[in-house]
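**Student:** Just passing along the structure, written as structure tokens.
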Amino acid sequence: MKQKANIILVVDDERDHADGIAEALEKLCAKAIAVYSGNDALEIVRSQQVDVVVTDLKLGGDIDGLTILEEARRYNDKTEVILITAYATIDTCKEAIKRGAYDYLVKPIDIDQLRTLVAQAGRKASAAIQRRTQKAKTRKEHFEFEGVQSNNPTMEGIFEVLRRVAPTNISVLIEGQSGTGKELLARAIHNNSQRWDKPFKPVNCAGLTETLLESELFGHVKGAFTGAANDRKGLFEIADKGTLFLDEIGDMAPNCQAKLLRVIEDGIVIPVGSNKSTVVDVRIISATNQNLTELMEAKKFREDLYFRIKGVNISVPALRDRAEDIPVLAEYFLKEAAAEVGSKVAGITDAAQTALSNYEWPGNIRQLRNCIRTMVVMSDRDQLDVADIPPEIAQRRQLAAGSRVAAGLAGVSLNELEKQAIVETLARTGNNREKAAKILGIGERTLYRKIKEYNL
């Protein structure tokens with residue numbers, strides 16, 4: 001059975017023409033709607049899933065067929081639009097096709113030709129919608145956070161929050177130290193949202209001057225400032241229907257904060273140096289390594305903006321506070337790096353994993369990833385070992401370990417030290433007793449006995 005369009009919208013300011021065309025197209029769809037003004041047409045394409053729009057180019061009032069075409073495609077890029085006019089020009093045809101029209105007919109129209117075009121456009125739209133629905137269903141069934149690995153209870157709690165938040169349009173604020181994976185979480189939210197097939201655009205608010213950041217976000221017109229040689233769209237327009245990730249938002253200048261607040265509140269973007277506004281629909285995910293509450297108290301961050309971006313607040317722990325994740329992250333980054341550079345490295349020895357787990361990672365996940373990539377590139381063995389750990393990390397780890405031992409030995413019994421070693425090793429291996437026993441250098445039966453003895 002051939003696919004049929006779900007809804008066909010016919011737009012013509014002449015009521016009889018609109019009704020006649022809608023009646024002629026009824027057999028090609030589940031529902032044919034006739035409207036007689038541009039405003040009514042815009043209301044429908046903005047609120048309903050319309051497969052095909054058939055619209056007259058010239059309509060009474062300020063809204064014409066090209067405006068309806070643009071809005072229909074902006075709200076749903078799977079909608080196909082056919083324009084009808086009595087005033088055919090080459091320029092008009094080119095402009096219609098350029099803006100995404102499916103085709104173009106000149107009055108007086110041949111109704112059979114129109115039916116053929118609408119049937120073709122309807123099948124194309126229905127197939128596209130079906131593919132998108134199937135992809136969304138598949139993604140929902142296989143919900144995951146690609147690149148985000150954890151065995152830590154706190155992180156598992158964060159994942160559960162994100163699973164609930166991702167399908168919505170609520171704004172998200174992610175707090176945490178640099179390198180803790182805030183952008184990975186933001187991408188995971190986007191990839192598991194209803195906007196997954198639309199743009200995800202990150203911008204580092206700390207990496208640009210105030211003028212350049214405004215231009216990056218809102219766009220600019222030619223001559224708006226020194227160096228603005230051409231008109232340029234901002235990320236809000238580019239990310240329309242998608243997600244904008246504002247990294248290090250605490251570093252945003254006050255003037256830029258005010259402009260951002262206006263866009264979030266009314267969805268209207270005005271490029272730098274322009275008076276022309278554009279309506280956008282963008283989800284905001286923000287991140288910061290600063291304390292925004294302290295910045296608000298110091299009058300460096302707007303309170304009204306804070307409550308706009310803080311729909312859901314997530315605080316990501318430092319890597320040193322989730323040491324049990326280091327082995328699983330190291331394995332993940334090893335596979336990633338090995339595939340990228342074509343390395344034969346396939347694993348990490350227990351000794352190397354222990355050494356990595358005992359390091360505090362001030363640069364967090366980013367530093368661990370870079371470390372593993374370096375180890376993979378430099379190693380000529382099939383397993384990474386302690387000798388492959390970069391010297392600067394190995395030396396700092398040994399110094400830190402020596403300081404902790406010197407500070408902790410005084411007044412501590414051997415039994416207490418043994419108990420602590422078992423607790424820490426079990427935590428770092430995710431309670432894998434076989435692996436913990438190997439790292440501790442004892443048999444599994446001995447470890448079981450010690451666990452029972454110390455009531456662990």
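Starting from 1 in every chain, residues are counted up; chains themselves are A, B, ... following the order of the structure tokens, and ligands are numbered from 1 as listed.
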Please identify which residues in segment 168-282 of chain A DSSP calls helix (DSSP H, G or I) from the backbone, and express them as a ChimeraX atom specification.
**Tutor:** /A:182-191,210-218,235-238,249-251,254-266
**Student:** Please return, as an mmCIF file with C-alpha atoms, in the first residue's frame, all residues of segment 199-379 of chain A that DSSP assigns to strand (DSSP E) on the basis of the backbone.
**Tutor:**
data_model
loop_
_atom_site.group_PDB
_atom_site.id
_atom_site.type_symbol
_atom_site.label_atom_id
_atom_site.label_comp_id
_atom_site.auth_asym_id
_atom_site.auth_seq_id
_atom_site.Cartn_x
_atom_site.Cartn_y
_atom_site.Cartn_z
ATOM 1 C CA PHE A 200 24.353 20.840 18.844
ATOM 2 C CA LYS A 201 26.525 23.956 19.029
ATOM 3 C CA PRO A 202 29.028 24.497 21.868
ATOM 4 C CA VAL A 203 30.658 27.852 22.622
ATOM 5 C CA ASN A 204 33.269 28.661 25.266
ATOM 6 C CA GLY A 219 25.447 37.140 14.629
ATOM 7 C CA HIS A 220 26.327 40.497 13.073
ATOM 8 C CA ARG A 232 27.135 36.447 9.660
ATOM 9 C CA LYS A 233 24.542 34.251 11.378
ATOM 10 C CA THR A 243 20.760 22.779 21.427
ATOM 11 C CA LEU A 244 23.225 25.523 22.388
ATOM 12 C CA PHE A 245 25.877 24.610 24.967
ATOM 13 C CA LEU A 246 27.212 27.662 26.835
ATOM 14 C CA ASP A 247 30.432 26.478 28.464
ATOM 15 C CA ILE A 268 14.055 36.744 19.489
ATOM 16 C CA VAL A 269 17.602 37.302 18.205
ATOM 17 C CA THR A 278 14.656 36.548 14.023
ATOM 18 C CA VAL A 279 12.593 34.093 16.069
ATOM 19 C CA ARG A 283 17.404 24.598 24.125
ATOM 20 C CA ILE A 284 20.037 26.019 26.496
ATOM 21 C CA ILE A 285 22.511 23.840 28.387
ATOM 22 C CA SER A 286 25.055 25.796 30.444
ATOM 23 C CA ALA A 287 28.182 24.806 32.327
ATOM 24 C CA THR A 288 30.552 26.493 34.752
ATOM 25 C CA VAL A 312 17.804 21.467 36.454
ATOM 26 C CA ASN A 313 21.120 21.765 38.286
ATOM 27 C CA ILE A 314 23.759 18.999 38.112
ATOM 28 C CA SER A 315 27.034 18.995 40.034
ATOM 29 C CA GLY A 347 44.628 -3.657 27.611
ATOM 30 C CA ILE A 348 46.156 -2.247 30.793
#
**Student:** Which polymer residues have any atom within 9 Å of an atom of Ala318 of chain A, counting only C-alpha atoms, with same-chain residues fewer than 5 positions away left out, as a PyMOL selection string?
**Tutor:** chain A and resi 176-180+361-365
**Student:** Which residue out of A:Leu173, A:Leu25, A:Ala338, A:Val263 has the minimum interatomic distance to Glu214 of chain A when only C-alpha atoms are used?
**Tutor:** A:Val263
